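Here is the structure we will look at, set down as structure tokens.
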Protein chains: 2
Amino acid sequence: MPIDFQTSPERYRHWRLTFDGPVATLAMDVDETAGLFPGYELKLNSYDLGVDIELYDATQRLRFEHPEVKVVLLRSAKERVFCAGANIRMLSKATHAHKVNFCKFTNETRNSIEAAGAESGQAYVCAVNGTAAGGGYELALAADHIVLVDDGTASVSLPEVPLLAVLPGTGGLTRVVDKRKVRRDLADVFCTLEEGMRGAKAVKWRLVDETVPNTKLEARLAEIAADFAARSDRPDSGPGVALTPLAREAGEGFVRYPHLTIDLDRAGRTATITLQAPEDTAPADAVAATAQGAAFWPLALARALDDAILHLRANEPELGVLIVKSQGALDRVLAHDEFLRVHAGHWFIREVIGYWKRTLKRLDVTSRTIIALAEPGSCFAGFLAEPMFAADRDLMFVGQRDGDNRPEAKLLLTESNFGLLPMPNGISRLETRFLGEPETLEAARSMIGEELDGEAAEEAGLVTFAHDDIDWDDEVRIMIEERASFSPDSLTGLEANLRFAGPETMETKIFGRLSAWQNWIFQRPNAAGEAGALKKYGTGARPDYDQERV
Amino acid sequence: MPIDFQTSPERYRHWRLTFDGPVATLAMDVDETAGLFPGYELKLNSYDLGVDIELYDATQRLRFEHPEVKVVLLRSAKERVFCAGANIRMLSKATHAHKVNFCKFTNETRNSIEAAGAESGQAYVCAVNGTAAGGGYELALAADHIVLVDDGTASVSLPEVPLLAVLPGTGGLTRVVDKRKVRRDLADVFCTLEEGMRGAKAVKWRLVDETVPNTKLEARLAEIAADFAARSDRPDSGPGVALTPLAREAGEGFVRYPHLTIDLDRAGRTATITLQAPEDTAPADAVAATAQGAAFWPLALARALDDAILHLRANEPELGVLIVKSQGALDRVLAHDEFLRVHAGHWFIREVIGYWKRTLKRLDVTSRTIIALAEPGSCFAGFLAEPMFAADRDLMFVGQRDGDNRPEAKLLLTESNFGLLPMPNGISRLETRFLGEPETLEAARSMIGEELDGEAAEEAGLVTFAHDDIDWDDEVRIMIEERASFSPDSLTGLEANLRFAGPETMETKIFGRLSAWQNWIFQRPNAAGEAGALKKYGTGARPDYDQERV
């Protein structure tokens, strides 16, 4: 059974979403019998991928369906337990690939929560009413403000090292020292304390923002929510945009969405994602776009691309090369691209842009080789050209194909390619591309609006290679066959290192450094072996560690 | 047989060092029969740890013994081969821990080469006369300028991914995109080309700085060397400071140097490094310090600490906790600390400071728990307090010990703690420590020159905990026993993530990100398994990869 990343509130098993004007409450209430796989119980609000799929869905709906929500209270519906973190029995049974993919997705969801406060005027306030352990505290760390109940038992902790011989790998270590800026020696103490920290000391050590007695919790939360709401620039009322069910059709060798097709080639180990241009030009104004709702092409395409990436990551691990193509009318893509920039101040359009930003980042951190192919009839322009610049290599067809009357491929840059959609490293894909050649970046900027053919794009450094009809098929075939012959692991490491030159951010630290160490530790017998801590946890037996330091 | 990191030119098997006024030539001429371990031949200037130990020794002697050397020509003494990189058979036989330690040391040596050009006025110019593959090109990448012979065969390449299923892990990927700023898609192409790149294209892709025909190589090198020499601020003549053999004595449970002792506790799995204050006050001036030569206390202590760290890393992998103590007269430490800052403009004193900078960074990236203990009679002051701030935790004794008349521990900050000795992240250890509290950093600065007792130091955030005679022994014992009970792997990951908050540099990217991915890959069956690429290399058989992408 493939893992499906689509859900909706009426199907939630683990979360309760309620609304009170500008304040929504997102309450964790994990159904311990409803794990994604058999063999474990999700006790004490512990989570697996299924719980996080619902959380991601909730954050998306809060953005799009509830423009009036300015503050989200993130809390637990269970007494004396906030969240016990990722479920250990699930982790101990999962394959290495599942563990790594699970952590990547949960990391992305936490980054998305942070982006809501930073970019969408929708702050998350976390109320820790009991134990927030490991991934539970990491979830709290993603919030803009953490309130810890001061009842002598509620605590935050990162007990992964002492209990499980792994890392707090969902951003925990990075957020403790880089976001909350806890002193490194205190962080070291905290991360080795099984029982974690309570009360005033947790505030003093910068682990939470404040503590309140249980009796004053609701009043204080209302106060904080009102404060955040007053600073929000979201509208006071709707209408929102309903995220209607994705029209998705899957068959042998394909998955089809209204504006996107995935073609699967299991023998060649590739998946081809074709992005389709809209059938119409841009709406008249933001109100008209809002009325289109989930059918508004940039939103519909972002949703399809998001789902496609997640589907391929989780369900097609052996398809090592993602080929990205586009097809359709360049002018309609351009009309929508301009529309997004012109109306970026409108809450809905801002959300659509933010969704593209996050979806493109999801592509950036996807551990598959990405190859963009601009062929006749393609429409890589403006924001739709970003997947080309996210690719490890981008190739462009020169001229037309023999016997095919589709127009020659043209690449068209717009202002959208110069900062609207930054990578995880905080700068645009083109700025990263031309780090060593600021003059080439400036030259590219001066080409905004020009239709560049393959030769011009290659000359400008915007594509890796340009080939004509004589060479194209062979060059592409050989490149992809060669790629498929390499070790998938070394490609993952290569791509993770080459994609993010230049500045570092908390996001690049989480995906590049913290996750790499966690991946290493997930392979070590001390953690994942038969006598390792993940397997021994809960059995009463102590793991027996190989004491060699590496 | 323990690995010894001490050597000297007359014992070199792999390098030839010659001098011509301001230009030294460091020629690689690996003796294929002289591997550090049996079982492999160091063909085609391939290297193992033994080759790199000599290279490190040479770079140190070039700095200290040859003040007049302004340019180092790094080249090969073999025809048509520059360097084939790390020896594959060695890698395929080595333990995981040895591979990781080997890469760490070679990375540190390449960083040291870069620091020579950036900070010591001693530039490295690399002449690539033939194949520079993998670690061979990575060595070239550390130079300030790379000249590639244009003879149709000399090439640079990073064939690790296609040939060996591992990464160019000695800084190669990072230096290609972050130092040389090669465009990421071209870097991707380059890193998958077994045969690498030659001639003008290698210049165009920014992989090397220039190409010259073989016939003009010597003339061009002389020209480049003269250019770099003209820009150097090193003196035109000596005298240098001879790095005389370290007076080192090892016995059961200890290693002793003139100003440093290591006490080994194998049962408790700790090594205690005690740094000793000088017996005399500082010399009168820089000339007098130069006359003291290798006996100049800050230099002697840096050499001992450097050797101690390397010894413990390579030869005592099960001693997971390094305890750092100091002992001796605070005023003499302070006199030397001030001396270093006052005379920092003198070439020799600049070298001593640079050596401390690099040695402290070596401590920062050492994968052992570091605990500093300031006990009665200790002398943590100025630069000698930096190992305390490099520690994962630092503890200070309040008052005197019962029955021990040594003076109460005092911590003394000087200007040296505020930028003279930056961490790999480019900022001081105190700035990193107080990232979240700039006001605490300023408060610490205002305490320069004050003798802080344990309580004052704890209050100022400079130590983790202060304890008196009643609690000290128990607190320390419990802390260390607890540490020793955790998984060594999870501690390595924890420390690597908590130590380097704040800004990132090429060095933190290499040690934090690139090395973490390489460590992961070194554990993967596709690389290191019986059917993996490292084992199959050279057998004619193709490795059979598990195609799952993680």
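Naming works like this for the structure tokens: A, B, ... for the chains as they're shown, residue 1 at the start of each chain, ligands 1 onward in shown order.
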*Check range 355-442 of chain B with DSSP on the backbone and list each residue it calls strand (DSSP E), as number ranges by chain.*
B: 369-374, 393-398
*asked:* Would you pick out the contacts of Arg180 in chain B at 12 Å or less, using only C-alpha atoms, so that residues sharing its chain but fewer than 4 positions from it are not included, and give the list as a VMD selection string?
replied: (chain A and resid 434 to 437 501 to 502) or (chain B and resid 138 140 to 146 171 to 176 184 187 202 to 209 506)
*If you count only C-alpha atoms, which residues fall within 12 Å of Gly238 in chain A, apart from same-chain ones fewer than 4 positions away, as a list in words?*
Gly21, Pro22, Leu62, Arg63, Phe64, Glu65, His66, Pro67, Glu68, Val69, Arg234, Ala242, Val287, Thr290, Ala291, Trp347 and Phe348 of chain A
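Close contacts of Asp263 in chain A, defined as residues with an atom at most 9 Å away when counting only C-alpha atoms, with chain neighbours fewer than 3 positions off set aside, comprise Gly253, Phe254, Val255, Arg256, Thr270, Ala271, Thr272, Ile273 and Thr274 of chain A.
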Serialized selection, all heavy atoms, as a PDB file, in the first residue's frame:
ATOM      1  N   GLY A 253       2.450   2.796 -14.285  1.00  0.00           N
ATOM      2  CA  GLY A 253       3.444   3.639 -14.950  1.00  0.00           C
ATOM      3  C   GLY A 253       3.129   5.109 -14.990  1.00  0.00           C
ATOM      4  O   GLY A 253       3.866   5.875 -15.622  1.00  0.00           O
ATOM      5  N   PHE A 254       2.048   5.541 -14.344  1.00  0.00           N
ATOM      6  CA  PHE A 254       1.798   6.988 -14.351  1.00  0.00           C
ATOM      7  C   PHE A 254       0.992   7.430 -13.141  1.00  0.00           C
ATOM      8  O   PHE A 254       0.288   6.627 -12.512  1.00  0.00           O
ATOM      9  CB  PHE A 254       1.062   7.401 -15.640  1.00  0.00           C
ATOM     10  CG  PHE A 254      -0.375   6.970 -15.656  1.00  0.00           C
ATOM     11  CD1 PHE A 254      -1.372   7.815 -15.151  1.00  0.00           C
ATOM     12  CD2 PHE A 254      -0.745   5.718 -16.148  1.00  0.00           C
ATOM     13  CE1 PHE A 254      -2.706   7.400 -15.134  1.00  0.00           C
ATOM     14  CE2 PHE A 254      -2.070   5.300 -16.130  1.00  0.00           C
ATOM     15  CZ  PHE A 254      -3.063   6.136 -15.634  1.00  0.00           C
ATOM     16  N   VAL A 255       1.123   8.698 -12.817  1.00  0.00           N
ATOM     17  CA  VAL A 255       0.221   9.367 -11.881  1.00  0.00           C
ATOM     18  C   VAL A 255      -0.141  10.677 -12.565  1.00  0.00           C
ATOM     19  O   VAL A 255       0.738  11.373 -13.089  1.00  0.00           O
ATOM     20  CB  VAL A 255       0.887   9.652 -10.519  1.00  0.00           C
ATOM     21  CG1 VAL A 255      -0.107  10.306  -9.564  1.00  0.00           C
ATOM     22  CG2 VAL A 255       1.455   8.378  -9.900  1.00  0.00           C
ATOM     23  N   ARG A 256      -1.445  10.992 -12.590  1.00  0.00           N
ATOM     24  CA  ARG A 256      -1.849  12.176 -13.332  1.00  0.00           C
ATOM     25  C   ARG A 256      -2.660  13.119 -12.447  1.00  0.00           C
ATOM     26  O   ARG A 256      -3.580  12.702 -11.751  1.00  0.00           O
ATOM     27  CB  ARG A 256      -2.672  11.765 -14.554  1.00  0.00           C
ATOM     28  CG  ARG A 256      -2.572  12.727 -15.699  1.00  0.00           C
ATOM     29  CD  ARG A 256      -2.655  12.019 -17.058  1.00  0.00           C
ATOM     30  NE  ARG A 256      -3.653  10.949 -17.083  1.00  0.00           N
ATOM     31  CZ  ARG A 256      -3.513   9.825 -17.797  1.00  0.00           C
ATOM     32  NH1 ARG A 256      -2.445   9.629 -18.553  1.00  0.00           N
ATOM     33  NH2 ARG A 256      -4.462   8.912 -17.790  1.00  0.00           N
ATOM     34  N   THR A 270      13.777   6.000 -13.665  1.00  0.00           N
ATOM     35  CA  THR A 270      13.512   7.439 -13.709  1.00  0.00           C
ATOM     36  C   THR A 270      12.017   7.707 -13.510  1.00  0.00           C
ATOM     37  O   THR A 270      11.177   6.843 -13.755  1.00  0.00           O
ATOM     38  CB  THR A 270      13.890   8.051 -15.077  1.00  0.00           C
ATOM     39  OG1 THR A 270      12.997   7.546 -16.073  1.00  0.00           O
ATOM     40  CG2 THR A 270      15.323   7.731 -15.465  1.00  0.00           C
ATOM     41  N   ALA A 271      11.740   8.914 -13.048  1.00  0.00           N
ATOM     42  CA  ALA A 271      10.361   9.405 -13.016  1.00  0.00           C
ATOM     43  C   ALA A 271      10.380  10.751 -13.726  1.00  0.00           C
ATOM     44  O   ALA A 271      11.194  11.609 -13.401  1.00  0.00           O
ATOM     45  CB  ALA A 271       9.879   9.564 -11.581  1.00  0.00           C
ATOM     46  N   THR A 272       9.497  10.904 -14.712  1.00  0.00           N
ATOM     47  CA  THR A 272       9.442  12.171 -15.440  1.00  0.00           C
ATOM     48  C   THR A 272       8.234  12.963 -14.982  1.00  0.00           C
ATOM     49  O   THR A 272       7.099  12.487 -15.070  1.00  0.00           O
ATOM     50  CB  THR A 272       9.369  11.913 -16.953  1.00  0.00           C
ATOM     51  OG1 THR A 272      10.542  11.180 -17.346  1.00  0.00           O
ATOM     52  CG2 THR A 272       9.325  13.232 -17.725  1.00  0.00           C
ATOM     53  N   ILE A 273       8.507  14.143 -14.463  1.00  0.00           N
ATOM     54  CA  ILE A 273       7.437  15.039 -14.005  1.00  0.00           C
ATOM     55  C   ILE A 273       7.248  16.098 -15.084  1.00  0.00           C
ATOM     56  O   ILE A 273       8.181  16.847 -15.379  1.00  0.00           O
ATOM     57  CB  ILE A 273       7.820  15.716 -12.674  1.00  0.00           C
ATOM     58  CG1 ILE A 273       7.984  14.673 -11.569  1.00  0.00           C
ATOM     59  CG2 ILE A 273       6.799  16.786 -12.297  1.00  0.00           C
ATOM     60  CD1 ILE A 273       8.477  15.250 -10.248  1.00  0.00           C
ATOM     61  N   THR A 274       6.069  16.141 -15.668  1.00  0.00           N
ATOM     62  CA  THR A 274       5.804  17.178 -16.667  1.00  0.00           C
ATOM     63  C   THR A 274       4.828  18.196 -16.097  1.00  0.00           C
ATOM     64  O   THR A 274       3.709  17.854 -15.689  1.00  0.00           O
ATOM     65  CB  THR A 274       5.237  16.561 -17.953  1.00  0.00           C
ATOM     66  OG1 THR A 274       6.154  15.564 -18.423  1.00  0.00           O
ATOM     67  CG2 THR A 274       5.077  17.627 -19.044  1.00  0.00           C
TER      68      THR A 274
END
*Which residue gives the smallest distance to chain A among B:Gln400, B:Gln292, B:Thr211, B:Thr192, with only C-alpha atoms counted?*
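Answer, going by the shortest atom-to-atom distance: B:Thr192.
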*Could you pull the residues within 12 Å of Val100 in chain B, counting only C-alpha atoms, minus those fewer than 2 positions along the same chain, as a PyMOL selection string?*
(chain A and resi 549-550) or (chain B and resi 49+91+94-98+102-107+169-170+313-314+317+366-367+511+514-523)
_Please compute the CA of Asp48 in chain A-CA of Asp31 in chain A distance, one decimal, in Å._
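Calculated distance between CA of Asp48 in chain A and CA of Asp31 in chain A is 11.1 Å.
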*Backbone-only DSSP, helix (DSSP H, G or I) members of range 298-327 of chain A, as a PyMOL selection string*: chain A and resi 298-315
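CA of Gln6 in chain A to CA of Arg368 in chain A spans 22.0 Å [interatomic distance, one decimal].
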_Who sits within 6 Å of range 150-157 of chain B, only C-alpha atoms, same chain under 3 positions skipped, as a list in words_ =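 What passes the distance filter is Asn129, Gly130, Thr131, Ala132, Ala133, Gly134, Tyr137, Gly196, Met197, Arg198, Gly199, Thr211, Val212 and Pro213 of chain B.
The coordinates place CA of Val166 in chain A at 12.6 Å from CA of Tyr545 in chain A.
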*asked:* With only C-alpha atoms as the counted atoms, please give the residues lying no more than 9 Å from Arg429 in chain A, apart from itself and same-chain residues fewer than 3 positions off, as number ranges by chain.
replied: A: 386, 389-390, 417-419, 421-423, 432-434
I need the chosen residues saved as an mmCIF file, in the first residue's frame, with N, CA and C atoms.
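What follows is the written file selection-v5.cif:
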data_model
loop_
_atom_site.group_PDB
_atom_site.id
_atom_site.type_symbol
_atom_site.label_atom_id
_atom_site.label_comp_id
_atom_site.auth_asym_id
_atom_site.auth_seq_id
_atom_site.Cartn_x
_atom_site.Cartn_y
_atom_site.Cartn_z
ATOM 1 N N GLU A 386 12.071 27.920 -12.062
ATOM 2 C CA GLU A 386 12.842 27.571 -10.859
ATOM 3 C C GLU A 386 13.169 26.082 -10.747
ATOM 4 N N PHE A 389 16.380 25.509 -12.287
ATOM 5 C CA PHE A 389 17.572 25.949 -11.551
ATOM 6 C C PHE A 389 17.765 25.132 -10.270
ATOM 7 N N ALA A 390 16.731 24.406 -9.864
ATOM 8 C CA ALA A 390 16.869 23.480 -8.734
ATOM 9 C C ALA A 390 17.513 22.173 -9.187
ATOM 10 N N ASN A 417 12.753 35.227 -10.628
ATOM 11 C CA ASN A 417 13.945 34.384 -10.510
ATOM 12 C C ASN A 417 15.061 35.037 -9.704
ATOM 13 N N PHE A 418 14.786 36.218 -9.163
ATOM 14 C CA PHE A 418 15.871 36.950 -8.505
ATOM 15 C C PHE A 418 15.554 37.291 -7.049
ATOM 16 N N GLY A 419 14.929 36.367 -6.335
ATOM 17 C CA GLY A 419 14.746 36.609 -4.901
ATOM 18 C C GLY A 419 13.373 36.251 -4.353
ATOM 19 N N LEU A 421 11.769 33.503 -4.560
ATOM 20 C CA LEU A 421 11.650 32.103 -4.141
ATOM 21 C C LEU A 421 13.007 31.565 -3.686
ATOM 22 N N PRO A 422 13.491 32.046 -2.541
ATOM 23 C CA PRO A 422 14.841 31.655 -2.121
ATOM 24 C C PRO A 422 14.965 30.164 -1.821
ATOM 25 N N MET A 423 16.186 29.661 -1.974
ATOM 26 C CA MET A 423 16.513 28.289 -1.579
ATOM 27 C C MET A 423 16.622 28.208 -0.048
ATOM 28 N N THR A 432 22.910 31.531 -6.137
ATOM 29 C CA THR A 432 23.735 30.393 -5.731
ATOM 30 C C THR A 432 24.526 29.871 -6.939
ATOM 31 N N ARG A 433 23.842 29.793 -8.063
ATOM 32 C CA ARG A 433 24.465 29.280 -9.289
ATOM 33 C C ARG A 433 25.672 30.118 -9.691
ATOM 34 N N PHE A 434 25.544 31.416 -9.539
ATOM 35 C CA PHE A 434 26.595 32.313 -10.032
ATOM 36 C C PHE A 434 27.399 32.944 -8.900
#
